[in-house]
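Content type mmCIF, C-alpha atoms, from the file upload17.cif:
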```
data_data
#
loop_
_atom_site.group_PDB
_atom_site.id
_atom_site.type_symbol
_atom_site.label_atom_id
_atom_site.label_comp_id
_atom_site.auth_asym_id
_atom_site.auth_seq_id
_atom_site.Cartn_x
_atom_site.Cartn_y
_atom_site.Cartn_z
ATOM 1 C CA MET A 60 97.917 60.830 100.988
ATOM 2 C CA ARG A 61 99.898 60.635 104.141
ATOM 3 C CA GLU A 62 101.884 63.695 105.087
ATOM 4 C CA GLU A 63 105.117 61.708 105.062
ATOM 5 C CA ASN A 64 104.641 61.146 101.309
ATOM 6 C CA ASN A 65 107.094 63.578 99.700
ATOM 7 C CA SER A 66 105.697 63.520 96.156
ATOM 8 C CA TYR A 67 103.659 66.625 96.976
ATOM 9 C CA ALA A 68 105.784 68.165 99.704
ATOM 10 C CA GLU A 69 105.692 71.539 97.926
ATOM 11 C CA TYR A 70 101.891 71.640 98.342
ATOM 12 C CA MET A 71 101.856 70.820 102.045
ATOM 13 C CA PRO A 72 101.927 74.495 103.142
ATOM 14 C CA ILE A 73 98.709 75.028 101.153
ATOM 15 C CA ILE A 74 97.127 71.892 102.631
ATOM 16 C CA LYS A 75 98.190 73.016 106.110
ATOM 17 C CA ALA A 76 96.708 76.506 105.585
ATOM 18 C CA LEU A 77 93.378 74.960 104.584
ATOM 19 C CA ARG A 78 93.353 72.551 107.497
ATOM 20 C CA ASP A 79 94.400 75.259 109.981
ATOM 21 C CA LYS A 80 91.317 77.269 108.945
ATOM 22 C CA HIS A 81 89.053 74.212 109.384
ATOM 23 C CA ALA A 82 88.389 73.255 105.763
ATOM 24 C CA LEU A 83 86.436 70.032 105.310
ATOM 25 C CA ASP A 84 87.294 67.102 103.010
ATOM 26 C CA VAL A 85 90.649 68.391 101.761
ATOM 27 C CA ILE A 86 91.954 66.355 98.831
ATOM 28 C CA LEU A 87 94.701 66.569 96.259
ATOM 29 C CA ILE A 88 93.986 65.237 92.772
ATOM 30 C CA ASP A 89 97.198 64.281 90.958
ATOM 31 C CA LEU A 90 96.678 65.504 87.396
ATOM 32 C CA ARG A 91 100.154 64.631 86.131
ATOM 33 C CA PRO A 92 99.160 61.239 84.694
ATOM 34 C CA VAL A 93 96.047 62.575 82.928
ATOM 35 C CA SER A 94 96.549 66.234 82.026
ATOM 36 C CA GLY A 95 99.207 68.684 80.974
ATOM 37 C CA PHE A 96 97.708 71.991 82.137
ATOM 38 C CA ALA A 97 98.397 71.581 85.881
ATOM 39 C CA ASP A 98 100.064 69.121 88.222
ATOM 40 C CA ALA A 99 97.388 69.100 90.900
ATOM 41 C CA PHE A 100 93.972 70.232 92.002
ATOM 42 C CA ILE A 101 93.631 70.909 95.704
ATOM 43 C CA VAL A 102 89.971 70.784 96.700
ATOM 44 C CA ALA A 103 88.396 71.819 99.996
ATOM 45 C CA THR A 104 84.914 72.430 101.338
ATOM 46 C CA ALA A 105 84.179 75.564 103.354
ATOM 47 C CA ARG A 106 81.895 75.398 106.370
ATOM 48 C CA SER A 107 80.265 78.766 105.538
ATOM 49 C CA GLY A 108 80.712 81.846 103.386
ATOM 50 C CA ILE A 109 82.865 83.444 106.067
ATOM 51 C CA ASN A 110 84.974 80.295 106.238
ATOM 52 C CA ALA A 111 85.359 80.311 102.422
ATOM 53 C CA SER A 112 86.773 83.831 102.628
ATOM 54 C CA ALA A 113 89.094 82.838 105.472
ATOM 55 C CA LEU A 114 90.284 79.806 103.492
ATOM 56 C CA THR A 115 90.915 81.927 100.408
ATOM 57 C CA ASP A 116 92.839 84.496 102.460
ATOM 58 C CA ALA A 117 94.906 81.783 104.152
ATOM 59 C CA VAL A 118 95.836 80.172 100.828
ATOM 60 C CA THR A 119 96.744 83.470 99.146
ATOM 61 C CA GLU A 120 98.837 84.518 102.160
ATOM 62 C CA THR A 121 100.618 81.163 102.009
ATOM 63 C CA LEU A 122 101.263 81.527 98.289
ATOM 64 C CA ASP A 123 102.576 85.069 98.868
ATOM 65 C CA GLY A 124 104.932 83.676 101.508
ATOM 66 C CA MET A 125 106.095 81.013 99.049
ATOM 67 C CA ALA A 126 106.637 83.689 96.351
ATOM 68 C CA ILE A 127 104.205 81.892 94.023
ATOM 69 C CA SER A 128 102.118 84.084 91.730
ATOM 70 C CA TYR A 129 98.415 83.318 91.383
ATOM 71 C CA LYS A 130 95.103 84.531 90.061
ATOM 72 C CA THR A 131 91.810 84.294 91.893
ATOM 73 C CA GLU A 132 88.297 83.863 90.555
ATOM 74 C CA GLY A 133 84.870 83.602 92.127
ATOM 75 C CA ALA A 134 85.133 86.455 94.625
ATOM 76 C CA GLY A 135 81.389 87.078 94.230
ATOM 77 C CA SER A 136 80.396 83.417 94.211
ATOM 78 C CA SER A 137 78.907 81.718 97.242
ATOM 79 C CA ARG A 138 79.601 78.230 95.815
ATOM 80 C CA TRP A 139 83.116 78.247 94.376
ATOM 81 C CA LYS A 140 86.362 80.151 94.721
ATOM 82 C CA LEU A 141 89.356 79.284 92.569
ATOM 83 C CA ILE A 142 93.016 80.132 93.051
ATOM 84 C CA ASP A 143 95.152 79.370 90.003
ATOM 85 C CA ALA A 144 98.751 79.055 91.168
ATOM 86 C CA GLY A 145 100.078 77.565 87.934
ATOM 87 C CA ALA A 146 101.073 73.997 88.741
ATOM 88 C CA ALA A 147 98.386 73.819 91.424
ATOM 89 C CA VAL A 148 94.796 74.982 91.173
ATOM 90 C CA ILE A 149 93.017 75.362 94.499
ATOM 91 C CA HIS A 150 89.223 74.987 94.567
ATOM 92 C CA ILE A 151 87.275 76.129 97.635
ATOM 93 C CA PHE A 152 83.650 75.053 97.491
ATOM 94 C CA SER A 153 80.523 75.376 99.560
ATOM 95 C CA LYS A 154 78.981 71.979 100.308
ATOM 96 C CA SER A 155 76.402 72.424 97.532
ATOM 97 C CA GLY A 156 79.041 73.720 95.109
ATOM 98 C CA ARG A 157 81.259 70.710 95.704
ATOM 99 C CA GLU A 158 78.371 68.349 95.046
ATOM 100 C CA PHE A 159 77.363 70.273 91.918
ATOM 101 C CA TYR A 160 80.816 70.478 90.308
ATOM 102 C CA ASP A 161 81.875 66.989 91.537
ATOM 103 C CA LEU A 162 85.536 67.281 90.538
ATOM 104 C CA GLU A 163 86.308 63.923 92.151
ATOM 105 C CA ARG A 164 84.020 62.207 89.658
ATOM 106 C CA LEU A 165 85.088 64.377 86.730
ATOM 107 C CA TRP A 166 88.759 63.551 87.359
ATOM 108 C CA GLY A 167 88.049 60.034 88.638
ATOM 109 C CA ASP A 168 90.835 58.511 86.557
ATOM 110 C CA ALA A 169 93.460 60.605 88.386
ATOM 111 C CA PRO A 170 94.990 59.501 91.705
ATOM 112 C CA THR A 171 93.324 61.246 94.643
ATOM 113 C CA PHE A 172 94.815 61.735 98.089
ATOM 114 C CA ARG A 173 92.743 62.651 101.162
ATOM 115 C CA PHE A 174 93.903 64.681 104.109
ATOM 116 C CA GLU A 175 91.981 63.776 107.228
ATOM 117 C CA SER A 176 90.684 66.508 109.466
ATOM 118 C CA GLU A 177 92.483 66.885 112.763
ATOM 119 C CA GLU A 178 89.190 67.458 114.576
#
```
Please rewrite the model in this file as structure tokens.
Amino acid sequence: MREENNSYAEYMPIIKALRDKHALDVILIDLRPVSGFADAFIVATARSGINASALTDAVTETLDGMAISYKTEGAGSSRWKLIDAGAAVIHIFSKSGREFYDLERLWGDAPTFRFESEE
């Protein structure tokens, strides 16, 4: 997905927060054509446990600033943190967690948009 694409403009602050904190392999999976429980999954890989915490904090601060309510799960997990913001569900994985859960394959029939790292 290119940033000039406006179909997910409301999620760009979340994408930006993840990228600003150096998340790897940030993608957005468009669930609208295949599911009714959420519009999008935003998936990112953390570089370390400390980075996973920083990514989670950055996303929750962004959601607070956007006045979007959310729930978090996985605070004690080293492989997966989840932020359920209603229409968007944000998944922050370790490298091994991302390979294990493989959401890209699981939701392979949904359009997926990649956000290239600025590094």
A:Ser94 surroundings by all atoms listed in the file, 12 Å radius, close-in-sequence under 2 positions cut, as number ranges by chain
A: 88-92, 96-100, 146, 166, 168-170
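Excluding stretch 68-85 of chain A and any residue on its chain fewer than 2 positions from it, the residues at most 6 Å away by all atoms listed in the file are Asn65, Ser66, Val102, Ala103, Thr104, Ala105, Leu114, Ala117, Val118 and Phe174 of chain A.
Going from atom CA of A:Tyr160 over to atom CA of A:Ile127, you cover 26.3 Å.
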Output the residue selection produced by the PyMOL selection byres ((chain A and resi 133) around 12) on the file above, formatted as a PyMOL selection string.
chain A and resi 111-112+115+130-132+134-143+149-153+156
Let me see the file: selected residues, C-alpha atoms, as a compact mmCIF listing (two decimals), in the coordinates of the input.
```
# COMPACT_ATOMS: atom_id res chain seq x y z
CA ALA A 111 85.36 80.31 102.42
CA SER A 112 86.77 83.83 102.63
CA THR A 115 90.92 81.93 100.41
CA LYS A 130 95.10 84.53 90.06
CA THR A 131 91.81 84.29 91.89
CA GLU A 132 88.30 83.86 90.56
CA ALA A 134 85.13 86.46 94.62
CA GLY A 135 81.39 87.08 94.23
CA SER A 136 80.40 83.42 94.21
CA SER A 137 78.91 81.72 97.24
CA ARG A 138 79.60 78.23 95.82
CA TRP A 139 83.12 78.25 94.38
CA LYS A 140 86.36 80.15 94.72
CA LEU A 141 89.36 79.28 92.57
CA ILE A 142 93.02 80.13 93.05
CA ASP A 143 95.15 79.37 90.00
CA ILE A 149 93.02 75.36 94.50
CA HIS A 150 89.22 74.99 94.57
CA ILE A 151 87.28 76.13 97.64
CA PHE A 152 83.65 75.05 97.49
CA SER A 153 80.52 75.38 99.56
CA GLY A 156 79.04 73.72 95.11
```
Interatomic distance, atom CA of A:Asp123 to atom CA of A:Ala147 (Å, one decimal)
14.1 Å
